[in-house]
Each structure stands twice: as C-alpha cells, then as structure tokens.
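Shown next: target22.csv, containing CSV, C-alpha atoms and all ligand atoms.
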chain,number,residue,atom,x,y,z
N,1,MET,CA,138.2,156.3,137.8
N,2,GLY,CA,135.7,158.0,135.5
N,3,HIS,CA,132.6,159.4,136.9
N,4,THR,CA,132.4,159.4,140.7
N,5,ILE,CA,129.8,161.7,142.1
N,6,LEU,CA,129.1,163.1,145.6
N,7,ILE,CA,125.7,164.5,146.5
N,8,LEU,CA,125.6,166.8,149.5
N,9,GLY,CA,122.1,167.2,151.0
N,10,ALA,CA,121.2,163.8,149.4
N,11,CYS,CA,118.3,163.2,151.9
N,12,GLY,CA,116.3,166.4,150.9
N,13,GLN,CA,113.6,166.9,148.4
N,14,ILE,CA,115.8,167.3,145.4
N,15,GLY,CA,118.8,165.3,146.7
N,16,THR,CA,116.8,162.1,147.2
N,17,GLU,CA,115.5,161.9,143.6
N,18,LEU,CA,118.7,163.1,142.1
N,19,THR,CA,120.7,160.4,143.9
N,20,LEU,CA,118.3,157.7,142.8
N,21,VAL,CA,118.4,158.8,139.1
N,22,LEU,CA,122.1,159.3,139.0
N,23,ARG,CA,122.6,155.8,140.5
N,24,GLU,CA,120.3,154.3,137.9
N,25,ARG,CA,122.4,156.0,135.2
N,26,TYR,CA,126.0,155.7,136.4
N,27,GLY,CA,125.8,152.7,138.8
N,28,SER,CA,125.2,152.7,142.5
N,29,ASP,CA,128.8,152.6,143.6
N,30,SER,CA,129.7,155.7,141.5
N,31,VAL,CA,127.3,157.9,143.4
N,32,VAL,CA,128.0,158.7,147.0
N,33,ALA,CA,125.0,160.2,149.0
N,34,SER,CA,125.7,162.4,152.0
N,35,ASP,CA,123.8,164.5,154.5
N,36,ILE,CA,123.8,165.3,158.2
N,37,ARG,CA,121.1,162.8,158.8
N,38,GLU,CA,119.9,159.5,157.3
N,39,GLY,CA,117.4,159.6,154.5
N,40,SER,CA,114.5,157.4,153.3
N,41,ASP,CA,114.8,153.7,153.3
N,42,ALA,CA,114.8,153.7,149.5
N,43,LEU,CA,117.7,156.1,149.4
N,44,MET,CA,119.8,154.4,152.2
N,45,ALA,CA,119.4,151.0,150.6
N,46,SER,CA,120.4,152.2,147.1
N,47,GLY,CA,124.2,152.7,147.6
N,48,PRO,CA,127.0,154.3,149.6
N,49,PHE,CA,126.1,156.9,152.2
N,50,GLU,CA,128.4,159.2,154.3
N,51,MET,CA,127.4,161.4,157.2
N,52,VAL,CA,128.9,164.8,156.2
N,53,ASP,CA,128.3,168.4,157.2
N,54,ALA,CA,128.8,170.4,154.1
N,55,THR,CA,130.1,173.4,156.1
N,56,ASN,CA,133.0,171.3,157.4
N,57,TYR,CA,135.8,171.6,154.8
N,58,SER,CA,138.1,168.9,156.1
N,59,ALA,CA,135.3,166.4,156.5
N,60,LEU,CA,134.2,167.2,153.0
N,61,GLU,CA,137.8,166.9,151.7
N,62,ASP,CA,138.2,163.5,153.3
N,63,VAL,CA,135.2,162.1,151.6
N,64,VAL,CA,136.2,163.6,148.2
N,65,MET,CA,139.7,162.1,148.5
N,66,HIS,CA,138.5,158.7,149.8
N,67,TYR,CA,136.1,158.1,147.0
N,68,GLU,CA,138.1,160.0,144.3
N,69,ILE,CA,135.1,162.2,143.7
N,70,GLU,CA,134.9,163.9,140.3
N,71,GLU,CA,131.6,165.8,140.5
N,72,VAL,CA,129.8,167.4,143.4
N,73,TYR,CA,126.1,168.3,143.5
N,74,LEU,CA,125.6,170.7,146.4
N,75,MET,CA,121.9,170.3,147.4
N,76,ALA,CA,122.3,171.2,151.1
N,77,ALA,CA,120.6,174.5,152.0
N,78,MET,CA,118.1,176.2,154.3
N,79,LEU,CA,115.1,177.3,152.3
N,80,SER,CA,113.2,180.6,152.2
N,81,ALA,CA,110.7,180.4,155.1
N,82,THR,CA,113.0,178.7,157.6
N,83,ALA,CA,115.9,181.1,156.7
N,84,GLU,CA,113.7,184.0,157.8
N,85,LYS,CA,113.6,182.5,161.2
N,86,PHE,CA,117.3,181.7,161.4
N,87,PRO,CA,119.1,184.2,159.3
N,88,MET,CA,122.6,183.7,160.5
N,89,ARG,CA,122.4,179.9,160.4
N,90,ALA,CA,121.0,180.1,156.9
N,91,TRP,CA,123.7,182.4,155.7
N,92,ASN,CA,126.4,180.2,157.3
N,93,LEU,CA,125.0,177.0,155.8
N,94,ASN,CA,124.2,178.3,152.3
N,95,MET,CA,127.4,180.3,151.8
N,96,ASN,CA,130.0,178.2,153.6
N,97,SER,CA,128.9,175.0,151.9
N,98,LEU,CA,129.3,176.7,148.6
N,99,PHE,CA,132.7,178.1,149.4
N,100,ASN,CA,133.9,174.7,150.5
N,101,VAL,CA,132.8,173.1,147.2
N,102,LEU,CA,134.1,175.9,145.0
N,103,ASN,CA,137.5,175.8,146.8
N,104,LEU,CA,137.7,172.1,146.4
N,105,ALA,CA,137.2,172.7,142.6
N,106,ARG,CA,139.7,175.6,142.6
N,107,GLU,CA,142.3,173.2,144.2
N,108,LYS,CA,141.5,170.7,141.4
N,109,LYS,CA,140.3,168.1,143.9
N,110,ILE,CA,137.0,167.9,142.0
N,111,GLY,CA,136.3,168.7,138.4
N,112,LYS,CA,132.7,169.8,138.2
N,113,VAL,CA,130.1,171.4,140.4
N,114,PHE,CA,126.3,171.7,140.4
N,115,TRP,CA,124.7,174.3,142.7
N,116,PRO,CA,121.0,175.2,142.6
N,117,SER,CA,120.0,178.8,142.7
N,118,SER,CA,116.3,180.0,142.8
N,119,ILE,CA,113.7,182.4,141.6
N,120,ALA,CA,114.3,183.9,145.1
N,121,VAL,CA,117.2,185.9,143.7
N,122,PHE,CA,114.6,188.3,142.4
N,123,GLY,CA,112.7,190.9,144.4
N,124,THR,CA,109.9,193.4,144.2
N,125,THR,CA,111.8,195.7,141.8
N,126,THR,CA,112.2,192.9,139.2
N,127,PRO,CA,109.7,192.6,136.3
N,128,ARG,CA,107.4,189.9,137.6
N,129,GLU,CA,106.1,188.5,134.2
N,130,ASN,CA,108.5,186.7,132.0
N,131,THR,CA,111.4,187.7,134.2
N,132,PRO,CA,114.4,188.0,132.0
N,133,GLN,CA,117.7,186.2,132.5
N,134,ASN,CA,119.5,189.5,133.2
N,135,THR,CA,117.5,191.9,135.2
N,136,ILE,CA,117.3,193.8,138.5
N,137,GLN,CA,118.0,191.4,141.4
N,138,GLU,CA,117.2,193.0,144.8
N,139,PRO,CA,116.1,190.0,146.8
N,140,SER,CA,114.3,190.8,150.2
N,141,THR,CA,114.7,187.4,151.9
N,142,VAL,CA,117.8,185.9,153.6
N,143,TYR,CA,117.5,182.9,151.4
N,144,GLY,CA,117.4,185.1,148.2
N,145,ILE,CA,120.3,187.1,149.4
N,146,SER,CA,122.4,184.0,149.9
N,147,LYS,CA,121.4,182.6,146.5
N,148,GLN,CA,122.2,185.9,144.8
N,149,ALA,CA,125.6,186.2,146.5
N,150,GLY,CA,126.2,182.5,145.6
N,151,GLU,CA,125.5,183.2,141.9
N,152,ARG,CA,128.1,186.0,141.9
N,153,TRP,CA,130.7,183.7,143.5
N,154,CYS,CA,130.0,180.9,141.0
N,155,GLU,CA,130.6,183.2,138.1
N,156,TYR,CA,133.7,184.7,139.8
N,157,TYR,CA,135.2,181.2,140.4
N,158,CYS,CA,134.5,180.2,136.9
N,159,HIS,CA,136.1,183.3,135.3
N,160,LYS,CA,139.0,183.8,137.8
N,161,PHE,CA,140.0,180.2,138.5
N,162,GLY,CA,138.4,178.2,135.6
N,163,VAL,CA,136.1,176.3,138.0
N,164,ASP,CA,133.4,174.4,136.0
N,165,VAL,CA,130.4,175.2,138.1
N,166,ARG,CA,126.9,175.1,136.6
N,167,SER,CA,123.7,176.3,138.1
N,168,LEU,CA,119.9,176.6,137.6
N,169,ARG,CA,117.4,179.0,139.1
N,170,PHE,CA,114.8,176.5,140.2
N,171,PRO,CA,111.2,177.5,140.5
N,172,GLY,CA,109.0,175.8,143.2
N,173,LEU,CA,109.5,172.0,142.9
N,174,ILE,CA,106.7,169.5,143.2
N,175,SER,CA,107.5,165.9,144.1
N,176,TRP,CA,106.0,163.0,145.9
N,177,LYS,CA,109.0,160.9,147.0
N,178,THR,CA,110.4,163.2,149.6
N,179,LEU,CA,108.7,166.1,151.4
N,180,PRO,CA,110.1,169.6,150.9
N,181,GLY,CA,111.0,171.5,154.1
N,182,GLY,CA,110.9,175.2,154.9
N,183,GLY,CA,110.0,176.7,151.5
N,184,THR,CA,107.4,179.2,150.4
N,185,THR,CA,106.3,177.0,147.5
N,186,ASP,CA,105.9,173.9,149.7
N,187,TYR,CA,102.1,174.3,149.6
N,188,ALA,CA,102.1,172.9,146.1
N,189,VAL,CA,103.2,169.6,147.5
N,190,ASP,CA,101.2,169.6,150.7
N,191,ILE,CA,98.0,170.4,148.8
N,192,TYR,CA,98.1,167.0,147.0
N,193,ARG,CA,98.7,165.1,150.2
N,194,LYS,CA,95.9,166.8,152.1
N,195,ALA,CA,93.5,166.5,149.1
N,196,LEU,CA,93.9,162.7,149.4
N,197,SER,CA,94.1,162.3,153.1
N,198,GLN,CA,91.5,165.0,154.2
N,199,GLY,CA,89.7,166.2,151.1
N,200,SER,CA,90.5,169.8,152.0
N,201,TYR,CA,93.4,172.1,152.4
N,202,THR,CA,94.2,175.4,154.2
N,203,CYS,CA,96.6,177.3,152.1
N,204,PHE,CA,99.2,179.7,153.5
N,205,LEU,CA,99.2,181.8,150.3
N,206,SER,CA,96.2,183.7,148.9
N,207,ALA,CA,94.1,182.4,146.0
N,208,ASN,CA,95.7,184.3,143.2
N,209,THR,CA,99.3,184.2,144.2
N,210,ARG,CA,100.9,183.0,140.9
N,211,LEU,CA,104.4,181.5,141.1
N,212,PRO,CA,106.7,179.6,138.8
N,213,MET,CA,106.7,175.9,139.5
N,214,MET,CA,108.1,172.6,138.1
N,215,PHE,CA,107.5,168.9,138.5
N,216,MET,CA,110.6,167.1,140.0
N,217,ASP,CA,111.2,164.9,137.0
N,218,ASP,CA,111.7,168.0,134.9
N,219,ALA,CA,114.1,169.5,137.5
N,220,ILE,CA,116.2,166.3,137.7
N,221,ARG,CA,116.4,166.0,133.9
N,222,ALA,CA,117.4,169.7,133.6
N,223,THR,CA,120.1,169.2,136.1
N,224,ILE,CA,121.6,166.2,134.4
N,225,GLU,CA,121.2,167.7,130.9
N,226,LEU,CA,123.0,170.9,132.1
N,227,MET,CA,125.8,168.8,133.7
N,228,ASN,CA,126.3,166.8,130.5
N,229,SER,CA,126.4,169.7,128.2
N,230,ASP,CA,129.7,170.8,126.5
N,231,ALA,CA,131.4,173.5,128.7
N,232,GLU,CA,131.6,175.8,125.6
N,233,ALA,CA,127.8,175.8,125.2
N,234,ILE,CA,127.3,177.2,128.7
N,235,SER,CA,127.3,180.9,128.4
N,236,VAL,CA,125.8,181.6,131.8
N,237,ARG,CA,128.1,180.9,134.8
N,238,SER,CA,126.0,182.6,137.4
N,239,SER,CA,122.7,180.7,137.1
N,240,TYR,CA,120.2,179.9,134.3
N,241,ASN,CA,116.5,180.9,134.4
N,242,LEU,CA,114.5,177.7,134.2
N,243,ALA,CA,110.7,177.4,133.7
N,244,ALA,CA,107.9,174.9,133.2
N,245,MET,CA,104.6,176.3,134.4
N,246,SER,CA,103.1,179.0,136.6
N,247,PHE,CA,99.9,178.7,138.6
N,248,SER,CA,98.1,180.1,141.7
N,249,PRO,CA,96.6,178.1,144.6
N,250,ALA,CA,93.2,178.6,143.0
N,251,GLN,CA,94.4,177.1,139.8
N,252,ILE,CA,96.1,174.0,141.4
N,253,ALA,CA,92.9,173.5,143.4
N,254,SER,CA,90.7,173.4,140.3
N,255,SER,CA,93.2,171.0,138.6
N,256,ILE,CA,92.8,168.7,141.7
N,257,GLN,CA,89.0,169.1,141.6
N,258,ARG,CA,89.0,167.5,138.1
N,259,HIS,CA,90.0,164.2,139.8
N,260,LEU,CA,88.5,164.9,143.3
N,261,PRO,CA,85.4,166.9,142.7
N,262,ASP,CA,84.7,167.3,146.5
N,263,PHE,CA,88.1,168.8,147.3
N,264,SER,CA,87.9,172.2,149.0
N,265,ILE,CA,90.5,174.9,149.7
N,266,ARG,CA,90.6,177.7,152.2
N,267,TYR,CA,93.0,180.6,152.4
N,268,GLN,CA,94.9,181.7,155.5
N,269,PRO,CA,97.9,183.7,154.3
N,270,ASP,CA,100.8,183.9,156.8
N,271,PHE,CA,104.3,185.5,156.7
N,272,ARG,CA,105.1,183.5,153.6
N,273,GLN,CA,102.6,185.6,151.5
N,274,GLU,CA,105.1,188.5,151.6
N,275,ILE,CA,107.9,186.3,150.4
N,276,ALA,CA,105.7,185.0,147.5
N,277,ASP,CA,104.7,188.5,146.6
N,278,SER,CA,108.4,189.5,146.1
N,279,TRP,CA,109.0,186.7,143.6
N,280,PRO,CA,108.3,186.5,139.9
N,281,MET,CA,105.1,185.1,138.5
N,282,SER,CA,106.6,183.7,135.3
N,283,ILE,CA,110.1,183.2,134.0
N,284,ASP,CA,111.8,183.7,130.6
N,285,ASP,CA,114.1,180.7,130.2
N,286,SER,CA,115.0,181.2,126.6
N,287,ARG,CA,118.7,181.2,127.4
N,288,SER,CA,118.5,177.7,128.8
N,289,ARG,CA,116.5,176.6,125.7
N,290,ALA,CA,119.0,178.2,123.3
N,291,ASP,CA,122.3,177.2,125.1
N,292,TRP,CA,121.6,173.6,126.1
N,293,GLY,CA,118.3,172.6,124.7
N,294,TRP,CA,116.0,172.9,127.7
N,295,LYS,CA,112.4,171.9,127.2
N,296,PRO,CA,109.9,171.1,130.0
N,297,GLU,CA,107.5,168.1,129.8
N,298,PHE,CA,105.1,168.5,132.7
N,299,ASP,CA,102.4,171.1,132.8
N,300,LEU,CA,99.9,171.6,135.7
N,301,ASP,CA,97.4,168.9,134.7
N,302,ARG,CA,100.1,166.3,134.0
N,303,THR,CA,101.7,167.1,137.3
N,304,THR,CA,98.4,166.7,139.1
N,305,GLU,CA,97.8,163.3,137.5
N,306,GLU,CA,101.3,162.1,138.5
N,307,MET,CA,101.1,163.4,142.0
N,308,LEU,CA,97.6,162.0,142.8
N,309,ARG,CA,98.4,158.6,141.2
N,310,SER,CA,101.8,158.2,142.9
N,311,LEU,CA,100.7,159.4,146.3
N,312,LYS,CA,97.7,157.1,146.2
N,313,ASN,CA,99.9,154.0,145.8
A,1,LIG,N1,111.2,176.7,146.6
A,1,LIG,C1,112.1,177.4,147.4
A,1,LIG,C2,111.4,178.0,148.6
A,1,LIG,O1,110.2,178.2,148.5
A,1,LIG,C3,112.7,178.5,146.6
A,1,LIG,O2,113.8,178.1,146.0
A,1,LIG,O3,112.1,178.4,149.5
Would you mind writing the structure in this file as structure tokens?
Amino acid sequence: MGHTILILGACGQIGTELTLVLRERYGSDSVVASDIREGSDALMASGPFEMVDATNYSALEDVVMHYEIEEVYLMAAMLSATAEKFPMRAWNLNMNSLFNVLNLAREKKIGKVFWPSSIAVFGTTTPRENTPQNTIQEPSTVYGISKQAGERWCEYYCHKFGVDVRSLRFPGLISWKTLPGGGTTDYAVDIYRKALSQGSYTCFLSANTRLPMMFMDDAIRATIELMNSDAEAISVRSSYNLAAMSFSPAQIASSIQRHLPDFSIRYQPDFRQEIADSWPMSIDDSRSRADWGWKPEFDLDRTTEEMLRSLKN
C-alpha cells in the first residue's frame, strides 16, 4: 500500500499543520487524522478523520488495521502547565499513548513512529546555555518527567526490538493556524494575537526569561526531514536536540514594536515562571545538523513578520 500515515492528536497545535502538510505531500487519502475531538474546518475538510483515544490500544489497533497504517505520528499529549494541574492524567495520557504506539510497532503492525519530546526533559541542574545533546536531565515538571521517561522507552524499544522510532526535543512552537494549549511557551503565540486585537499584552513570564523557540514551519519541516532520513544516519534514538532561536518576552515585544510601534507589554509572572526557569535558554543542536542535515530558516524577526501578516488576514 505504500505510505499510509496516522496522526494521533491531529487537531492540536502541531498535529493540524503536520496533517495538512503531509496530505499536500502524500495525498489526502494517505493521511488519516485522528483525535478525541473534531478539529478546525480546514483540517476536517482536508481528508479522512477518525475519533480515537490514543490511550485505548484496541481502538488504535482497529484504525491501524483498517487503513493499513505504515507510519504513526503521536502528537497527543498534555503540555507542561496543564500537566502540573492534573499530574496523573498527564502521566496516563503521555505514557500510555506512547506504549500503545511502540507496542504496535514491536508487533510489526506499523513500521515507523514519530514522537515529539521537549526541552522540558531538562531541569535546573542542566547547563542552561547551549544545552548539549547528552547532559544532566533532572526535569522538575510532570510533563518533563513523562517526556524524559518516554525518551528512554523509545531508545529501549529501538535497541531491544528494532522499532524504528524517531524523536525531536521541540522548543516552544510558534504558529498561527491553531492555538497551543496548556504550555509554558504559549505566551509567544498569544502575544501576537493580543498585539493585533488589543495593542497590549500581559505576559505570564518575566521580561528577561529567555527560552528556545521555533516557528511551526521549521518544526514541521524538521519532523518530515527526520522521518525521511535513512535509518542508518540516525544515531540518536532517544530524542534529538533541535534549535532555531532563543528570545525573552522583552525581545519578542520589541520585534513586534517594529511593526506596531504603540504595542505595550506588562509582566505578571505566575506559576509558569518557575517552569520556564527550570528549562534551557539555548540549545546545541549540532547532532541534528550533522546526522540528518538540520538547518532552521526562521529567526525572531522573520517569525514576527509571518505571524502578524497571517493573523491579520
Ligand atoms: N512548549 C511546551 C510547553 O510549554 C514544551 O514542550 O509545555
């Protein structure tokens, strides 16, 4: 059958854009979108959709068998801020969905898996500038703990059972098509929307909290490039560091002010400040660059131009 793909969590921030790009590339009918709720009109109209809970193994197996799925992209997860409020639900969703997909691959019902990890696998004991690929990982959030454990399981399934699973440690992702939900880096999306709708923004992180970030187009391209690389080239089977830019709320605000001079920002840090303070400020992604040719295209100012232009339309 060739290249039949299933996206779990297709209605989320990454899943929506990933589904649309993969459908463009491989044909609508070759990419099955799924989630526990319906997505945007654009997504729902673009091809097949199945209501599936990724923590339900037999429901997942049914869809995989029915469509003869070859590749699974597991984008369903509870993000960092929400996971602090619902620790057990987050652990259950983030881990059991991963086990389900890894076990389908172990049983040779699917051939290839993509699973996103995060900069949240790092913690306060990690070097925060140019964080290396291999370093101390003592995450202090429920979300980070689930991603770190997930990374270990991915590597384990690859080495023990030959499962072809590939993963990226995404930084904060900036997009305009679908809202993020429940993350610590979500401010970097919200700020553009509020800049246009209200001319001002109250930020839940402090002015100089620098975090690694990436424009969604880069994140989707990275995902597809990694999935299309030769298996032999992929030397990291836990998850790859991946970087594009780093900035603080003050820096994104001045980038916006170049287009909207009257834009103003206030700072009112909440519980998410502590999460941000435990994460790296910049990431060394040389291993991704060397192994599979990663190179980002969007810096902060180009991201600002794209965000303001697209959100205005
Ligand atoms: N961007 C995510 C969050 O803030 C981290 O992966 O939760």
Shell around region 15-20 of chain N at 10 Å using only C-alpha atoms, local window under 3 positions removed, as a PDB file with C-alpha atoms, keeping the file's coordinate frame:
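New file out23.pdb:
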ATOM      1  CA  ILE N   5     129.800 161.700 142.100  1.00  0.00           C
ATOM      2  CA  LEU N   6     129.100 163.100 145.600  1.00  0.00           C
ATOM      3  CA  ILE N   7     125.700 164.500 146.500  1.00  0.00           C
ATOM      4  CA  LEU N   8     125.600 166.800 149.500  1.00  0.00           C
ATOM      5  CA  GLY N   9     122.100 167.200 151.000  1.00  0.00           C
ATOM      6  CA  ALA N  10     121.200 163.800 149.400  1.00  0.00           C
ATOM      7  CA  CYS N  11     118.300 163.200 151.900  1.00  0.00           C
ATOM      8  CA  GLY N  12     116.300 166.400 150.900  1.00  0.00           C
ATOM      9  CA  ARG N  23     122.600 155.800 140.500  1.00  0.00           C
ATOM     10  CA  GLU N  24     120.300 154.300 137.900  1.00  0.00           C
ATOM     11  CA  ARG N  25     122.400 156.000 135.200  1.00  0.00           C
ATOM     12  CA  GLY N  27     125.800 152.700 138.800  1.00  0.00           C
ATOM     13  CA  SER N  28     125.200 152.700 142.500  1.00  0.00           C
ATOM     14  CA  VAL N  31     127.300 157.900 143.400  1.00  0.00           C
ATOM     15  CA  VAL N  32     128.000 158.700 147.000  1.00  0.00           C
ATOM     16  CA  ALA N  33     125.000 160.200 149.000  1.00  0.00           C
ATOM     17  CA  SER N  34     125.700 162.400 152.000  1.00  0.00           C
ATOM     18  CA  ASP N  35     123.800 164.500 154.500  1.00  0.00           C
ATOM     19  CA  GLY N  39     117.400 159.600 154.500  1.00  0.00           C
ATOM     20  CA  SER N  40     114.500 157.400 153.300  1.00  0.00           C
ATOM     21  CA  ALA N  42     114.800 153.700 149.500  1.00  0.00           C
ATOM     22  CA  LEU N  43     117.700 156.100 149.400  1.00  0.00           C
ATOM     23  CA  MET N  44     119.800 154.400 152.200  1.00  0.00           C
ATOM     24  CA  SER N  46     120.400 152.200 147.100  1.00  0.00           C
ATOM     25  CA  GLY N  47     124.200 152.700 147.600  1.00  0.00           C
ATOM     26  CA  TYR N  73     126.100 168.300 143.500  1.00  0.00           C
ATOM     27  CA  LEU N  74     125.600 170.700 146.400  1.00  0.00           C
ATOM     28  CA  MET N  75     121.900 170.300 147.400  1.00  0.00           C
ATOM     29  CA  ALA N  76     122.300 171.200 151.100  1.00  0.00           C
ATOM     30  CA  SER N 175     107.500 165.900 144.100  1.00  0.00           C
ATOM     31  CA  TRP N 176     106.000 163.000 145.900  1.00  0.00           C
ATOM     32  CA  LYS N 177     109.000 160.900 147.000  1.00  0.00           C
ATOM     33  CA  THR N 178     110.400 163.200 149.600  1.00  0.00           C
ATOM     34  CA  LEU N 179     108.700 166.100 151.400  1.00  0.00           C
ATOM     35  CA  MET N 216     110.600 167.100 140.000  1.00  0.00           C
ATOM     36  CA  ASP N 217     111.200 164.900 137.000  1.00  0.00           C
ATOM     37  CA  ALA N 219     114.100 169.500 137.500  1.00  0.00           C
ATOM     38  CA  ILE N 220     116.200 166.300 137.700  1.00  0.00           C
ATOM     39  CA  ARG N 221     116.400 166.000 133.900  1.00  0.00           C
ATOM     40  CA  THR N 223     120.100 169.200 136.100  1.00  0.00           C
ATOM     41  CA  ILE N 224     121.600 166.200 134.400  1.00  0.00           C
TER      42      ILE N 224
END
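Ranking N:Arg302, N:Arg169, N:Arg258, N:His66 by their shortest atom-to-atom distance to ligand LIG 1 (chain A), with all atoms listed in the file included, puts N:Arg169 first.
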So which residues fall inside 12 Å of (113.8, 179.2, 125.4) if we count all atoms listed in the file? Mind giving them as a PyMOL selection string? chain N and resi 130+132-133+240-244+283-296
At most 9 Å from ligand LIG 1 (chain A) (only C-alpha atoms and all ligand atoms): residue list as an MDAnalysis selection string: chainID N and resid 78:83 116:121 143:144 147 169:173 180:186 213 272 275:276
With C-alpha atoms retained, write the just-selected residues as a PDB file, in the frame of the given file.
ATOM      1  CA  MET N  78     118.100 176.200 154.300  1.00  0.00           C
ATOM      2  CA  LEU N  79     115.100 177.300 152.300  1.00  0.00           C
ATOM      3  CA  SER N  80     113.200 180.600 152.200  1.00  0.00           C
ATOM      4  CA  ALA N  81     110.700 180.400 155.100  1.00  0.00           C
ATOM      5  CA  THR N  82     113.000 178.700 157.600  1.00  0.00           C
ATOM      6  CA  ALA N  83     115.900 181.100 156.700  1.00  0.00           C
ATOM      7  CA  PRO N 116     121.000 175.200 142.600  1.00  0.00           C
ATOM      8  CA  SER N 117     120.000 178.800 142.700  1.00  0.00           C
ATOM      9  CA  SER N 118     116.300 180.000 142.800  1.00  0.00           C
ATOM     10  CA  ILE N 119     113.700 182.400 141.600  1.00  0.00           C
ATOM     11  CA  ALA N 120     114.300 183.900 145.100  1.00  0.00           C
ATOM     12  CA  VAL N 121     117.200 185.900 143.700  1.00  0.00           C
ATOM     13  CA  TYR N 143     117.500 182.900 151.400  1.00  0.00           C
ATOM     14  CA  GLY N 144     117.400 185.100 148.200  1.00  0.00           C
ATOM     15  CA  LYS N 147     121.400 182.600 146.500  1.00  0.00           C
ATOM     16  CA  ARG N 169     117.400 179.000 139.100  1.00  0.00           C
ATOM     17  CA  PHE N 170     114.800 176.500 140.200  1.00  0.00           C
ATOM     18  CA  PRO N 171     111.200 177.500 140.500  1.00  0.00           C
ATOM     19  CA  GLY N 172     109.000 175.800 143.200  1.00  0.00           C
ATOM     20  CA  LEU N 173     109.500 172.000 142.900  1.00  0.00           C
ATOM     21  CA  PRO N 180     110.100 169.600 150.900  1.00  0.00           C
ATOM     22  CA  GLY N 181     111.000 171.500 154.100  1.00  0.00           C
ATOM     23  CA  GLY N 182     110.900 175.200 154.900  1.00  0.00           C
ATOM     24  CA  GLY N 183     110.000 176.700 151.500  1.00  0.00           C
ATOM     25  CA  THR N 184     107.400 179.200 150.400  1.00  0.00           C
ATOM     26  CA  THR N 185     106.300 177.000 147.500  1.00  0.00           C
ATOM     27  CA  ASP N 186     105.900 173.900 149.700  1.00  0.00           C
ATOM     28  CA  MET N 213     106.700 175.900 139.500  1.00  0.00           C
ATOM     29  CA  ARG N 272     105.100 183.500 153.600  1.00  0.00           C
ATOM     30  CA  ILE N 275     107.900 186.300 150.400  1.00  0.00           C
ATOM     31  CA  ALA N 276     105.700 185.000 147.500  1.00  0.00           C
TER      32      ALA N 276
END
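From CA of Leu168 (chain N) back to CA of Ser235 (chain N), the distance works out to 12.6 Å.
With only C-alpha atoms as the atoms that count, the residue of N:Ser229, N:Pro249, N:Asp301, N:Phe49 with the shortest distance to Asp190 (chain N) is N:Pro249.
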Which residues are near Met65 (chain N)? Cut-off 12 Å, only C-alpha atoms, ignore same chain within fewer than 5 positions. Put them as a ChimeraX atom specification. /N:4-6,58-60,70-71,104,108-110
Atom pair CA of Met51 (chain N) + CA of Ile36 (chain N), distance 5.4 Å
Hey, could you patch up region 91-105 of chain N with N, CA, C and O atoms and hand it over as a PDB file, keeping the file's coordinate frame?
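The result, written out as rebuild-v7.pdb:
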ATOM      1  N   TRP N  91     122.589 181.805 156.414  1.00  0.00           N
ATOM      2  CA  TRP N  91     123.700 182.400 155.700  1.00  0.00           C
ATOM      3  C   TRP N  91     124.957 181.521 155.832  1.00  0.00           C
ATOM      4  O   TRP N  91     125.662 181.236 154.862  1.00  0.00           O
ATOM      5  N   ASN N  92     125.212 181.056 157.038  1.00  0.00           N
ATOM      6  CA  ASN N  92     126.400 180.200 157.300  1.00  0.00           C
ATOM      7  C   ASN N  92     126.294 178.907 156.470  1.00  0.00           C
ATOM      8  O   ASN N  92     127.246 178.537 155.780  1.00  0.00           O
ATOM      9  N   LEU N  93     125.161 178.236 156.509  1.00  0.00           N
ATOM     10  CA  LEU N  93     125.000 177.000 155.800  1.00  0.00           C
ATOM     11  C   LEU N  93     125.093 177.230 154.256  1.00  0.00           C
ATOM     12  O   LEU N  93     125.866 176.588 153.536  1.00  0.00           O
ATOM     13  N   ASN N  94     124.275 178.159 153.778  1.00  0.00           N
ATOM     14  CA  ASN N  94     124.200 178.300 152.300  1.00  0.00           C
ATOM     15  C   ASN N  94     125.462 178.846 151.712  1.00  0.00           C
ATOM     16  O   ASN N  94     125.824 178.437 150.600  1.00  0.00           O
ATOM     17  N   MET N  95     126.174 179.727 152.407  1.00  0.00           N
ATOM     18  CA  MET N  95     127.400 180.300 151.800  1.00  0.00           C
ATOM     19  C   MET N  95     128.626 179.413 152.062  1.00  0.00           C
ATOM     20  O   MET N  95     129.413 179.181 151.152  1.00  0.00           O
ATOM     21  N   ASN N  96     128.806 178.939 153.300  1.00  0.00           N
ATOM     22  CA  ASN N  96     130.000 178.200 153.600  1.00  0.00           C
ATOM     23  C   ASN N  96     130.092 176.861 152.865  1.00  0.00           C
ATOM     24  O   ASN N  96     131.164 176.418 152.440  1.00  0.00           O
ATOM     25  N   SER N  97     128.945 176.210 152.715  1.00  0.00           N
ATOM     26  CA  SER N  97     128.900 175.000 151.900  1.00  0.00           C
ATOM     27  C   SER N  97     129.368 175.249 150.507  1.00  0.00           C
ATOM     28  O   SER N  97     130.151 174.497 149.914  1.00  0.00           O
ATOM     29  N   LEU N  98     128.896 176.352 149.957  1.00  0.00           N
ATOM     30  CA  LEU N  98     129.300 176.700 148.600  1.00  0.00           C
ATOM     31  C   LEU N  98     130.752 177.023 148.467  1.00  0.00           C
ATOM     32  O   LEU N  98     131.438 176.537 147.566  1.00  0.00           O
ATOM     33  N   PHE N  99     131.275 177.839 149.405  1.00  0.00           N
ATOM     34  CA  PHE N  99     132.700 178.100 149.400  1.00  0.00           C
ATOM     35  C   PHE N  99     133.542 176.858 149.478  1.00  0.00           C
ATOM     36  O   PHE N  99     134.547 176.712 148.791  1.00  0.00           O
ATOM     37  N   ASN N 100     133.125 175.952 150.334  1.00  0.00           N
ATOM     38  CA  ASN N 100     133.900 174.700 150.500  1.00  0.00           C
ATOM     39  C   ASN N 100     133.973 173.952 149.161  1.00  0.00           C
ATOM     40  O   ASN N 100     135.040 173.486 148.753  1.00  0.00           O
ATOM     41  N   VAL N 101     132.844 173.851 148.474  1.00  0.00           N
ATOM     42  CA  VAL N 101     132.800 173.100 147.200  1.00  0.00           C
ATOM     43  C   VAL N 101     133.582 173.847 146.129  1.00  0.00           C
ATOM     44  O   VAL N 101     134.378 173.251 145.379  1.00  0.00           O
ATOM     45  N   LEU N 102     133.375 175.154 146.046  1.00  0.00           N
ATOM     46  CA  LEU N 102     134.100 175.900 145.000  1.00  0.00           C
ATOM     47  C   LEU N 102     135.607 175.871 145.276  1.00  0.00           C
ATOM     48  O   LEU N 102     136.393 175.773 144.329  1.00  0.00           O
ATOM     49  N   ASN N 103     136.011 175.892 146.557  1.00  0.00           N
ATOM     50  CA  ASN N 103     137.500 175.800 146.800  1.00  0.00           C
ATOM     51  C   ASN N 103     138.042 174.464 146.541  1.00  0.00           C
ATOM     52  O   ASN N 103     139.183 174.365 146.088  1.00  0.00           O
ATOM     53  N   LEU N 104     137.275 173.399 146.754  1.00  0.00           N
ATOM     54  CA  LEU N 104     137.700 172.100 146.400  1.00  0.00           C
ATOM     55  C   LEU N 104     137.973 172.020 144.851  1.00  0.00           C
ATOM     56  O   LEU N 104     138.937 171.412 144.364  1.00  0.00           O
ATOM     57  N   ALA N 105     137.096 172.670 144.104  1.00  0.00           N
ATOM     58  CA  ALA N 105     137.200 172.700 142.600  1.00  0.00           C
ATOM     59  C   ALA N 105     138.407 173.571 142.230  1.00  0.00           C
ATOM     60  O   ALA N 105     139.160 173.247 141.308  1.00  0.00           O
TER      61      ALA N 105
END
